Amino acid sequence: MRFDGRWSAAYPVSMASLLARIEARRRALAADAERYDRLRRLHVEIASRIELDPVAGASLLERANERVKHWADAKTCSPFYIRAWRRILRSHPEVGLRQLVRGKGQMRDAMLQNSPFSFAWTDERLSDRTE
């Protein structure tokens, strides 16, 4: 169907339906923003744990490195994320994590979403402090 200048003819949608779809999209965007904010807080908490508690930090880093190795071996993750996370984990990961969460945009969010620290999301010691 070609658009003839009349919205109702080309797109038979009521105003109420359109407003409902806009509101649903607004709620979805707000939920995404909240989720990414929580991921940033969790990564800051992980960076603090690495910096302030050498034993717990070493354990977190060991598990994260194992996760990245698994991604590479099983080819379950993009090589881009594998390389990026290896760089962060290789030297001063607490600094790299803080720089990551201070970044902006989709790249930061993609890195946080593809995090080798995802095992920590269920760690009550971390999740309780970031709620």
# chains A, B, ... in the order shown; residues from 1 in each chain; ligands from 1

$ residues_around --residues "region 86-94 of chain A" --least-positions-apart "5" --cutoff "8 Å" --atoms "only C-alpha atoms" --output "ChimeraX atom specification"
/A:46-48,50-51,61,65,68

$ select_by_dssp --residues "chain A" --states "helix (DSSP H, G or I)" --output "number ranges by chain"
A: 7-10, 15-52, 54-74, 79-90, 93-102, 105-113, 118-122, 124-130

$ closest_residue --among "A:Ser59, A:Ser14, A:Gln99, A:Thr76" --to "Leu112 (chain A)" --atoms "only C-alpha atoms"
A:Gln99

$ closest_atom_pairs --of "region 59-111 of chain A" --to "region 16-38 of chain A" --cutoff "12 Å" --atoms "only C-alpha atoms" --output "Markdown table"
| residue | atom | partner | partner_atom | distance |
| --- | --- | --- | --- | --- |
| A:Val101 | CA | A:Asp37 | CA | 9.2 |
| A:Arg102 | CA | A:Asp37 | CA | 11.1 |
| A:Lys104 | CA | A:Tyr36 | CA | 11.3 |
| A:Gly105 | CA | A:Tyr36 | CA | 10.7 |
| A:Gln106 | CA | A:Tyr36 | CA | 10.4 |
| A:Met107 | CA | A:Tyr36 | CA | 11.8 |
| A:Arg108 | CA | A:Tyr36 | CA | 9.4 |
| A:Asp109 | CA | A:Tyr36 | CA | 6.5 |
| A:Ala110 | CA | A:Tyr36 | CA | 9.5 |
| A:Met111 | CA | A:Tyr36 | CA | 10.6 |

$ atom_distance --atom1 "CA of Arg83 (chain A)" --atom2 "CA of Arg40 (chain A)"
20.1 Å

$ residues_around --residues "Ser118 (chain A)" --least-positions-apart "6" --cutoff "10 Å" --atoms "only C-alpha atoms" --output "list in words"
Leu39, Leu42, His43, Arg63, Ala64, Arg67 and Leu112 of chain A
